[in-house]
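> Next up, query.txt (compact mmCIF, C-alpha atoms).
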# COMPACT_ATOMS: atom_id res chain seq x y z
CA MET O 1159 138.11 80.90 98.12
CA GLY O 1160 139.10 83.42 95.47
CA LEU O 1161 136.31 85.84 96.24
CA LYS O 1162 136.89 85.41 99.96
CA SER O 1163 140.60 86.25 99.66
CA ASN O 1164 139.89 89.18 97.34
CA LEU O 1165 137.48 90.66 99.85
CA HIS O 1166 140.08 90.26 102.57
CA ASN O 1167 142.78 91.91 100.44
CA PHE O 1168 140.47 94.78 99.60
CA LYS O 1169 139.86 95.43 103.27
CA GLU O 1170 143.56 95.31 104.06
CA LYS O 1171 144.82 97.50 101.20
CA ASN O 1172 141.98 99.94 100.60
CA LYS O 1173 142.59 103.28 102.27
CA ASP O 1174 139.02 104.47 101.80
CA LYS O 1175 137.48 102.74 104.81
CA LYS O 1176 133.92 103.91 104.07
CA TRP O 1177 133.46 101.12 101.50
CA ILE O 1178 134.38 98.36 103.94
CA PRO O 1179 130.82 97.90 105.34
CA ALA O 1180 129.55 97.14 101.83
CA PHE O 1181 132.18 94.47 101.25
CA ASN O 1182 131.67 93.06 104.74
CA ALA O 1183 128.00 92.61 103.86
CA ILE O 1184 128.92 90.54 100.79
CA HIS O 1185 131.36 88.47 102.84
CA THR O 1186 128.81 87.86 105.60
CA PHE O 1187 126.09 86.88 103.13
CA LEU O 1188 128.27 84.41 101.25
CA TYR O 1189 130.17 82.97 104.21
CA LEU O 1190 129.91 83.64 107.95
CA PRO O 1191 130.25 86.78 110.08
CA ASN O 1192 133.94 87.57 110.37
CA GLU O 1193 133.61 89.40 113.69
CA THR O 1194 133.55 87.72 117.10
CA THR O 1195 133.13 89.13 120.57
CA HIS O 1196 136.38 89.62 122.45
CA ASN O 1197 135.36 90.55 125.98
CA GLY O 1198 132.45 90.48 128.36
CA THR O 1199 130.05 87.68 129.09
CA HIS O 1200 128.54 86.09 126.02
CA ILE O 1201 126.73 82.88 125.13
CA LYS O 1202 127.53 80.60 122.20
CA VAL O 1203 124.40 79.81 120.22
CA ALA O 1204 123.74 78.22 116.84
CA ASP O 1205 121.62 81.03 115.43
CA ASP O 1206 122.36 84.58 114.35
CA LEU O 1207 120.36 87.37 112.74
CA LYS O 1208 121.00 86.13 109.21
CA ARG O 1209 119.92 82.58 110.06
CA THR O 1210 116.80 83.89 111.78
CA MET O 1211 115.87 86.00 108.77
CA ASN O 1212 116.47 83.08 106.40
CA THR O 1213 114.13 80.93 108.49
CA VAL O 1214 111.33 83.47 108.11
CA ILE O 1215 111.98 83.69 104.37
CA MET O 1216 111.67 79.91 104.08
CA ALA O 1217 108.29 80.15 105.81
CA LEU O 1218 107.24 82.77 103.25
CA VAL O 1219 108.36 80.94 100.11
CA PRO O 1220 105.23 78.70 99.87
CA CYS O 1221 103.02 81.81 100.03
CA LEU O 1222 105.13 83.41 97.29
CA ILE O 1223 104.88 80.39 94.97
CA PHE O 1224 101.16 80.02 95.61
CA GLY O 1225 100.70 83.74 94.92
CA MET O 1226 102.32 83.33 91.52
CA PHE O 1227 99.90 80.58 90.50
CA ASN O 1228 96.95 82.50 91.96
CA ALA O 1229 97.88 85.64 90.02
CA GLY O 1230 97.60 83.82 86.70
CA TYR O 1231 94.53 81.86 87.80
CA GLN O 1232 92.58 84.98 88.83
CA HIS O 1233 93.58 86.73 85.61
CA TYR O 1234 92.37 83.95 83.30
CA LEU O 1235 89.30 83.26 85.44
CA ALA O 1236 88.21 86.90 85.28
CA GLN O 1237 88.58 86.80 81.49
CA GLY O 1238 86.46 83.66 81.29
CA LEU O 1239 89.26 81.66 79.66
CA ILE O 1240 89.31 78.87 82.26
CA GLU O 1241 86.86 77.11 84.55
CA SER O 1242 86.88 77.56 88.30
CA ALA O 1243 89.34 75.28 90.06
CA ASP O 1244 87.81 72.41 92.00
CA GLY O 1245 89.56 72.97 95.33
CA PHE O 1246 93.23 73.39 96.21
CA LEU O 1247 94.36 70.68 93.79
CA GLY O 1248 92.18 71.83 90.90
CA ALA O 1249 93.65 71.13 87.48
CA SER O 1250 92.92 74.65 86.23
CA PHE O 1251 94.94 76.22 89.07
CA TRP O 1252 98.34 74.50 89.00
CA THR O 1253 99.08 75.13 85.32
CA LEU O 1254 102.14 76.48 83.56
CA ASP O 1255 100.17 79.36 82.04
CA ASN O 1256 99.16 80.58 85.51
CA LEU O 1257 102.74 80.31 86.72
CA ILE O 1258 104.07 82.28 83.76
CA ILE O 1259 101.73 85.18 84.53
CA GLY O 1260 102.80 84.99 88.17
CA LEU O 1261 106.49 84.97 87.35
CA TRP O 1262 106.08 87.86 84.92
CA LYS O 1263 104.23 90.00 87.47
CA VAL O 1264 105.59 88.94 90.87
CA LEU O 1265 109.32 88.54 90.25
CA PRO O 1266 109.74 92.22 89.24
CA LEU O 1267 108.05 93.18 92.52
CA VAL O 1268 110.54 91.04 94.43
CA ALA O 1269 113.48 92.43 92.44
CA VAL O 1270 112.48 96.07 93.01
CA SER O 1271 111.78 95.45 96.68
CA TYR O 1272 115.16 93.87 97.34
CA GLY O 1273 117.15 96.01 94.92
CA VAL O 1274 115.91 99.38 96.16
CA GLY O 1275 115.72 98.39 99.82
CA LEU O 1276 119.21 96.92 99.98
CA ALA O 1277 120.61 99.89 98.05
CA VAL O 1278 119.26 102.22 100.73
CA GLU O 1279 120.70 99.93 103.43
CA PHE O 1280 124.13 100.03 101.76
CA VAL O 1281 124.04 103.82 101.42
CA PHE O 1282 123.25 104.32 105.09
CA ALA O 1283 125.88 101.77 106.13
CA ILE O 1284 128.55 103.55 104.11
CA ILE O 1285 127.53 107.02 105.34
CA LYS O 1286 127.31 106.00 109.00
CA GLY O 1287 130.25 103.58 108.86
CA HIS O 1288 128.46 100.60 110.36
CA GLU O 1289 127.90 97.08 109.09
CA VAL O 1290 125.06 96.38 106.64
CA GLU O 1291 122.26 94.81 108.66
CA GLU O 1292 120.30 91.75 107.60
CA GLY O 1293 116.97 93.12 108.83
CA TYR O 1294 115.73 93.95 105.34
CA LEU O 1295 115.99 90.34 104.15
CA VAL O 1296 112.54 89.56 105.53
CA THR O 1297 111.06 92.99 104.73
CA GLY O 1298 112.15 92.62 101.12
CA MET O 1299 110.18 89.37 100.85
CA LEU O 1300 107.13 90.62 102.75
CA VAL O 1301 106.57 93.73 100.65
CA PRO O 1302 105.79 91.96 97.33
CA LEU O 1303 103.37 89.67 99.16
CA ILE O 1304 101.22 92.45 100.63
CA VAL O 1305 100.70 94.65 97.57
CA PRO O 1306 98.32 94.35 94.59
CA ILE O 1307 99.63 92.44 91.61
CA ASP O 1308 99.62 95.41 89.21
CA ILE O 1309 101.16 98.06 91.47
CA PRO O 1310 103.52 100.17 89.28
CA LEU O 1311 107.14 99.39 90.00
CA TRP O 1312 108.11 103.03 90.42
CA MET O 1313 105.46 103.45 93.13
CA LEU O 1314 106.84 100.42 94.90
CA ALA O 1315 110.38 101.81 94.67
CA VAL O 1316 109.34 105.16 96.15
CA ALA O 1317 107.45 103.43 98.95
CA VAL O 1318 110.40 101.16 99.76
CA ILE O 1319 112.73 104.15 100.03
CA PHE O 1320 110.24 105.88 102.34
CA GLY O 1321 109.70 102.77 104.46
CA VAL O 1322 113.38 101.96 104.94
CA VAL O 1323 114.41 105.55 105.66
CA ILE O 1324 111.46 106.71 107.78
CA GLY O 1325 110.42 103.34 109.17
CA LYS O 1326 113.87 102.13 110.21
CA GLU O 1327 116.99 104.16 109.47
CA VAL O 1328 115.90 107.37 111.22
CA PHE O 1329 115.50 105.34 114.42
CA GLY O 1330 119.01 103.88 114.16
CA GLY O 1331 118.56 100.82 111.96
CA THR O 1332 117.64 97.21 112.63
CA GLY O 1333 116.73 96.60 116.26
CA MET O 1334 115.96 100.26 116.95
CA ASN O 1335 112.87 100.91 114.82
CA ILE O 1336 109.46 101.24 116.48
CA LEU O 1337 107.43 100.60 113.30
CA ASN O 1338 107.40 97.51 111.12
CA PRO O 1339 109.17 98.64 107.88
CA ALA O 1340 107.04 96.45 105.59
CA LEU O 1341 103.83 97.87 107.07
CA THR O 1342 105.24 101.37 106.83
CA ILE O 1343 105.76 100.76 103.11
CA ARG O 1344 102.20 99.50 102.68
CA ALA O 1345 100.76 102.40 104.67
CA PHE O 1346 102.67 104.86 102.48
CA LEU O 1347 101.33 103.22 99.33
CA PHE O 1348 97.78 103.26 100.62
CA PHE O 1349 97.74 106.92 101.63
CA ALA O 1350 99.92 108.22 98.78
CA TYR O 1351 98.37 106.16 95.96
CA PRO O 1352 94.95 105.02 97.23
CA THR O 1353 93.50 104.24 93.79
CA TRP O 1354 96.20 101.60 93.29
CA MET O 1355 95.72 100.04 96.73
CA SER O 1356 91.93 99.78 97.08
CA GLY O 1357 88.78 99.37 95.05
CA ASP O 1358 87.51 96.61 92.78
CA LYS O 1359 90.07 96.91 89.96
CA VAL O 1360 93.47 96.42 91.57
CA TRP O 1361 93.54 92.85 92.87
CA VAL O 1362 93.45 90.95 89.57
CA HIS O 1363 96.08 91.38 86.85
CA GLY O 1364 94.73 93.30 83.88
CA ALA O 1365 91.68 94.78 85.61
CA VAL O 1366 93.07 98.31 85.87
CA GLU O 1367 94.29 98.43 82.27
CA ARG O 1368 90.98 97.15 80.90
CA ASP O 1369 89.06 99.63 83.03
CA GLN O 1370 91.16 102.44 81.56
CA MET O 1371 90.54 101.15 78.03
CA ILE O 1372 86.78 101.06 78.65
CA ALA O 1373 86.90 104.62 79.98
CA ALA O 1374 88.67 105.63 76.77
CA GLY O 1375 85.79 104.20 74.72
CA GLN O 1376 87.42 100.99 73.56
CA ASN O 1377 85.23 97.92 73.23
CA VAL O 1378 86.69 95.42 75.70
CA ASP O 1379 85.21 93.34 78.47
CA ALA O 1380 85.70 94.57 82.02
CA ILE O 1381 87.56 92.45 84.58
CA SER O 1382 86.41 92.61 88.17
CA GLY O 1383 89.17 92.50 90.74
CA GLU O 1384 87.23 92.93 93.93
CA THR O 1385 88.19 91.13 97.13
CA LEU O 1386 85.73 89.36 99.41
CA LEU O 1387 86.16 92.06 102.04
CA GLY O 1388 85.28 94.74 99.52
CA ALA O 1389 82.21 92.80 98.43
CA TYR O 1390 81.01 92.18 101.98
CA ALA O 1391 81.55 95.84 102.83
CA GLN O 1392 79.04 96.67 100.08
CA ASN O 1393 76.51 94.07 101.28
CA SER O 1394 77.25 91.81 98.30
CA THR O 1395 79.14 88.60 97.61
CA ILE O 1396 81.32 87.13 94.88
CA ALA O 1397 79.65 84.26 93.05
CA GLY O 1398 81.33 80.88 92.89
CA ILE O 1399 83.49 81.24 96.01
CA ASP O 1400 82.86 78.99 98.99
CA TYR O 1401 84.49 78.68 102.40
CA TRP O 1402 87.07 76.16 101.19
CA ASP O 1403 88.16 78.55 98.43
CA MET O 1404 88.67 81.18 101.12
CA PHE O 1405 90.70 78.77 103.23
CA TRP O 1406 92.88 77.45 100.40
CA GLY O 1407 93.33 81.00 99.05
CA ILE O 1408 91.80 80.67 95.58
CA ILE O 1409 90.41 84.21 95.81
CA PRO O 1410 91.43 87.71 94.68
CA GLY O 1411 93.76 89.56 97.03
CA SER O 1412 97.34 90.63 97.61
CA VAL O 1413 100.01 88.46 96.07
CA GLY O 1414 100.84 86.12 98.94
CA GLU O 1415 98.33 86.54 101.75
CA THR O 1416 95.26 84.70 100.46
CA SER O 1417 96.10 81.07 101.33
CA LYS O 1418 95.22 80.54 105.00
CA PHE O 1419 96.35 76.92 104.72
CA LEU O 1420 99.92 77.89 103.79
CA ILE O 1421 99.96 80.67 106.37
CA ILE O 1422 99.09 78.16 109.08
CA ILE O 1423 101.83 75.84 107.82
CA GLY O 1424 104.26 78.77 107.98
CA ALA O 1425 103.10 79.62 111.49
CA LEU O 1426 103.75 76.07 112.70
CA PHE O 1427 107.19 76.16 111.09
CA LEU O 1428 108.10 79.45 112.80
CA ILE O 1429 106.80 78.22 116.17
CA PHE O 1430 108.75 74.95 115.83
CA ALA O 1431 111.90 76.93 114.93
CA LYS O 1432 111.25 79.22 117.93
CA ILE O 1433 111.30 82.28 115.70
CA GLY O 1434 107.67 83.41 115.88
CA SER O 1435 105.78 83.96 119.14
CA TRP O 1436 102.82 81.60 119.48
CA ARG O 1437 101.43 83.86 122.18
CA ILE O 1438 101.10 86.78 119.76
CA MET O 1439 99.64 84.60 117.00
CA LEU O 1440 97.07 82.96 119.26
CA SER O 1441 96.08 86.16 121.10
CA THR O 1442 95.61 88.00 117.80
CA VAL O 1443 93.20 85.29 116.63
CA ILE O 1444 91.38 85.40 119.98
CA GLY O 1445 91.05 89.19 119.78
CA ALA O 1446 89.65 89.02 116.25
CA LEU O 1447 87.13 86.34 117.20
CA ALA O 1448 86.08 88.32 120.29
CA MET O 1449 85.40 91.46 118.26
CA GLY O 1450 83.55 89.43 115.64
CA LEU O 1451 81.40 87.82 118.34
CA ILE O 1452 80.56 91.24 119.76
CA PHE O 1453 79.34 92.46 116.38
CA ASN O 1454 77.39 89.25 115.77
CA GLY O 1455 75.83 89.48 119.22
CA VAL O 1456 74.75 93.11 119.39
CA VAL O 1457 73.72 93.66 115.78
CA SER O 1458 70.64 91.93 114.45
CA ALA O 1459 70.22 90.90 110.84
CA GLU O 1460 67.07 93.01 110.57
CA TRP O 1461 68.87 96.12 111.73
CA ILE O 1462 71.69 95.53 109.26
CA SER O 1463 69.31 95.07 106.34
CA GLU O 1464 67.63 98.36 107.16
CA SER O 1465 70.96 100.18 107.49
CA SER O 1466 73.24 101.54 104.85
CA LYS O 1467 76.02 99.56 103.21
CA PHE O 1468 78.28 100.91 105.95
CA TYR O 1469 77.41 97.92 108.14
CA GLY O 1470 77.81 95.14 105.60
CA LEU O 1471 80.66 93.37 107.44
CA MET O 1472 78.81 93.32 110.76
CA SER O 1473 76.73 90.32 109.71
CA VAL O 1474 79.73 88.22 108.68
CA PRO O 1475 80.05 85.19 111.02
CA PHE O 1476 82.82 85.88 113.55
CA TRP O 1477 84.99 82.92 112.47
CA GLN O 1478 84.80 83.88 108.81
CA HIS O 1479 86.80 87.04 109.49
CA LEU O 1480 89.87 84.81 109.77
CA ILE O 1481 89.62 83.44 106.22
CA ILE O 1482 88.39 86.41 104.15
CA GLY O 1483 91.14 88.91 104.85
CA SER O 1484 94.77 89.27 105.83
CA ILE O 1485 94.47 88.98 109.59
CA LEU O 1486 96.15 85.55 109.72
CA PHE O 1487 99.02 86.74 107.52
CA GLY O 1488 99.46 89.80 109.73
CA ALA O 1489 99.30 87.75 112.92
CA VAL O 1490 101.96 85.27 111.75
CA TYR O 1491 104.44 87.35 109.78
CA MET O 1492 103.89 90.97 110.87
CA ALA O 1493 102.71 91.12 114.46
CA THR O 1494 105.45 88.69 115.57
CA ASP O 1495 108.28 90.98 114.45
CA PRO O 1496 110.64 90.67 117.45
CA VAL O 1497 111.78 94.29 117.19
CA THR O 1498 108.45 96.09 117.15
CA ALA O 1499 106.34 93.66 119.21
CA SER O 1500 106.02 93.41 122.97
CA GLN O 1501 108.86 91.57 124.69
CA THR O 1502 107.25 90.33 127.92
CA ASN O 1503 105.10 87.21 127.90
CA LYS O 1504 102.07 88.93 129.42
CA GLY O 1505 102.65 91.91 127.14
CA LYS O 1506 102.54 89.62 124.11
CA TRP O 1507 99.07 88.41 125.09
CA ILE O 1508 97.82 91.98 125.49
CA TYR O 1509 99.58 93.19 122.34
CA GLY O 1510 98.23 90.41 120.14
CA PHE O 1511 94.71 90.56 121.54
CA LEU O 1512 94.45 94.30 120.85
CA ILE O 1513 95.75 93.82 117.29
CA GLY O 1514 93.01 91.29 116.51
CA PHE O 1515 90.35 93.30 118.33
CA ILE O 1516 91.19 96.59 116.60
CA SER O 1517 91.63 94.91 113.19
CA ILE O 1518 88.02 93.75 113.08
CA MET O 1519 86.84 97.09 114.46
CA ILE O 1520 88.56 98.98 111.63
CA ARG O 1521 87.38 96.40 109.10
CA VAL O 1522 83.73 96.86 110.04
CA PHE O 1523 83.58 100.58 110.68
CA ASN O 1524 85.69 101.70 107.70
CA PRO O 1525 84.18 100.35 104.46
CA ALA O 1526 86.72 102.36 102.46
CA TYR O 1527 89.49 100.30 104.06
CA PRO O 1528 88.01 96.99 105.22
CA GLU O 1529 91.43 95.39 105.68
CA GLY O 1530 92.44 97.00 108.98
CA VAL O 1531 95.00 94.53 110.30
CA PHE O 1532 98.02 96.47 109.07
CA LEU O 1533 96.85 99.73 110.61
CA ALA O 1534 96.13 97.88 113.84
CA ILE O 1535 99.64 96.40 113.92
CA LEU O 1536 101.25 99.78 113.26
CA LEU O 1537 99.18 101.30 116.06
CA MET O 1538 100.18 98.59 118.50
CA ASN O 1539 103.84 98.89 117.41
CA VAL O 1540 103.74 102.35 118.93
CA PHE O 1541 102.14 101.14 122.17
CA ALA O 1542 104.22 97.94 122.59
CA PRO O 1543 106.90 99.65 124.79
CA THR O 1544 104.15 101.13 126.96
CA ILE O 1545 102.53 97.72 127.40
CA ASP O 1546 105.86 96.17 128.42
CA HIS O 1547 106.54 99.07 130.82
CA TYR O 1548 103.32 98.53 132.75
CA VAL O 1549 103.77 94.76 132.75
CA VAL O 1550 107.26 95.12 134.25
CA GLN O 1551 106.09 97.70 136.77
CA GLY O 1552 103.22 95.42 137.76
CA ASN O 1553 105.67 92.58 138.36
CA VAL O 1554 107.90 94.85 140.45
CA LYS O 1555 104.97 95.94 142.62
CA ARG O 1556 103.82 92.37 143.21
CA ARG O 1557 107.30 91.29 144.22
CA MET O 1558 107.66 94.26 146.54
CA LYS O 1559 104.39 93.28 148.23
CA ARG O 1560 105.65 89.73 148.72
CA VAL O 1561 108.89 91.04 150.23
CA LYS O 1562 106.94 93.27 152.65
CA VAL O 1563 104.69 90.38 153.68
CA LYS O 1564 107.67 88.12 154.40
CA ALA O 1565 109.47 90.89 156.28
CA ALA O 1566 106.41 91.42 158.46
Would you give me this structure, written as structure tokens?


Amino acid sequence: MGLKSNLHNFKEKNKDKKWIPAFNAIHTFLYLPNETTHNGTHIKVADDLKRTMNTVIMALVPCLIFGMFNAGYQHYLAQGLIESADGFLGASFWTLDNLIIGLWKVLPLVAVSYGVGLAVEFVFAIIKGHEVEEGYLVTGMLVPLIVPIDIPLWMLAVAVIFGVVIGKEVFGGTGMNILNPALTIRAFLFFAYPTWMSGDKVWVHGAVERDQMIAAGQNVDAISGETLLGAYAQNSTIAGIDYWDMFWGIIPGSVGETSKFLIIIGALFLIFAKIGSWRIMLSTVIGALAMGLIFNGVVSAEWISESSKFYGLMSVPFWQHLIIGSILFGAVYMATDPVTASQTNKGKWIYGFLIGFISIMIRVFNPAYPEGVFLAILLMNVFAPTIDHYVVQGNVKRRMKRVKVKAA
């Protein structure tokens, strides 16, 4: 009660009103919103923006914890210090040593993401004189999960500032942005610092540093940090990885997007809580499978073998596209963003289907960037209002026709 009364006294006595939004944010986070509607028609509901964001964060926590263990596991496995884990419950995976590496590498990413992002939110709230919005609570958790483990913290900080300012604040803040802020941050990192976001040395902790030491002439063993998508794009594979490893997530990749099992669990949780749209999730999967089937159907194995490495991903079985990349993570946690996604039910089917369809198209035709789901989502973020517009106009025309028929 002491902190609560102090915040109240500060608001009552402080003449400099510009700091009030910052203190209101602390009060709202610790307690409940202290503002209620006073006029107009409104509905009493049990959820608010903060509760919605916290629900999404709870769905992301298992992916975060798994990513910590996987970071240490991939590091020690690449060094040859441990044996491959025998499935999801392998003894060499769930060890304290793996967790320590994960905590050491992942927690700073989370701290920088939240610290820098919320600082920008507070600055804009104070300058504009509005309340601090809770929209960054989910973005701050998503960003560490979609970047390589060894991304320099200063790069992440610069990208977060860019993503929050350009991806959200310039449009008016939470609820007004047309681009997903987390994807805007990842896109900035990829195009501004491509060597840290792609290649075969960025997905396993220690691979970049050892590669630099080898280039300097030091006698150390190299660590490969290539993802399955990168390997398939070059018409090669990674030894020792089977389909179950891909499904459980015991593979190199971004921090929290490798475990398809936990992503599915998170999807079911969000659908049950009525936070995530099942229409978008399902249509995205259908679109990806459709594009994969097209490639499998029109491209023969003989033609691929005679082609360049450019077509390596064309021969991948259509269903395998769902477990070797980030398309499931994007479909569940990114495409379903209620602000940037389509709002109409029919629009959600179209929106999700095009995301999945375009994701596999980019993945196959761009070997330099085989993970195309994030670019596909950003593209469809821009077209989501257009999709909803034509859906609504189509409904209006159909109803007008029915009215004319009855009048006749």

> Determine the nearest neighbour of Gly1514 in chain O from the options O:Ser1441, O:Thr1395, O:Thr1494, O:Ser1473, counting all atoms listed in the file.

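The closest residue to Gly1514 in chain O is O:Ser1441.
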
> What is the CA of Asp1546 in chain O-CA of Lys1506 in chain O distance in Å, reported with one decimal?

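Taking CA of Asp1546 in chain O and CA of Lys1506 in chain O, their separation equals 8.5 Å.
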
> Which residues are near range 1430-1432 of chain O? Cut-off 12 Å, all atoms listed in the file, ignore same chain within fewer than 6 positions. Put them as number ranges by chain.

O: 1205, 1209-1214, 1216-1217, 1423-1424, 1494, 1496

> May I ask which of the residues O:Lys1286, O:Lys1504, O:Arg1344, O:Lys1326 is the closest one to Leu1533 in chain O, counting all atoms listed in the file?

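Using all atoms listed in the file, Leu1533 in chain O sits closest to O:Arg1344.
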
> Expressed in Å to a single decimal, how great is the separation between CA of Ala1391 in chain O and CA of Pro1528 in chain O?

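Between CA of Ala1391 in chain O and CA of Pro1528 in chain O the gap works out to 7.0 Å.
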
> How many Å separate CA of Gly1333 in chain O from CA of Ala1277 in chain O?

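Result for CA of Gly1333 in chain O versus CA of Ala1277 in chain O: 18.9 Å, one decimal.
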
> Identify, on the basis of all atoms listed in the file, every residue whose closest approach to Ile1258 in chain O does not exceed 12 Å; exclude the query and any residue fewer than 2 positions from it along the same chain; express the result as an mmCIF file with C-alpha atoms, in the frame of the given file.


data_model
loop_
_atom_site.group_PDB
_atom_site.id
_atom_site.type_symbol
_atom_site.label_atom_id
_atom_site.label_comp_id
_atom_site.auth_asym_id
_atom_site.auth_seq_id
_atom_site.Cartn_x
_atom_site.Cartn_y
_atom_site.Cartn_z
ATOM 1 C CA ILE O 1223 104.880 80.390 94.970
ATOM 2 C CA GLY O 1225 100.700 83.740 94.920
ATOM 3 C CA MET O 1226 102.320 83.330 91.520
ATOM 4 C CA PHE O 1227 99.900 80.580 90.500
ATOM 5 C CA ASN O 1228 96.950 82.500 91.960
ATOM 6 C CA ALA O 1229 97.880 85.640 90.020
ATOM 7 C CA GLY O 1230 97.600 83.820 86.700
ATOM 8 C CA TYR O 1231 94.530 81.860 87.800
ATOM 9 C CA HIS O 1233 93.580 86.730 85.610
ATOM 10 C CA TYR O 1234 92.370 83.950 83.300
ATOM 11 C CA TRP O 1252 98.340 74.500 89.000
ATOM 12 C CA THR O 1253 99.080 75.130 85.320
ATOM 13 C CA LEU O 1254 102.140 76.480 83.560
ATOM 14 C CA ASP O 1255 100.170 79.360 82.040
ATOM 15 C CA ASN O 1256 99.160 80.580 85.510
ATOM 16 C CA GLY O 1260 102.800 84.990 88.170
ATOM 17 C CA LEU O 1261 106.490 84.970 87.350
ATOM 18 C CA TRP O 1262 106.080 87.860 84.920
ATOM 19 C CA LYS O 1263 104.230 90.000 87.470
ATOM 20 C CA VAL O 1264 105.590 88.940 90.870
ATOM 21 C CA LEU O 1265 109.320 88.540 90.250
#
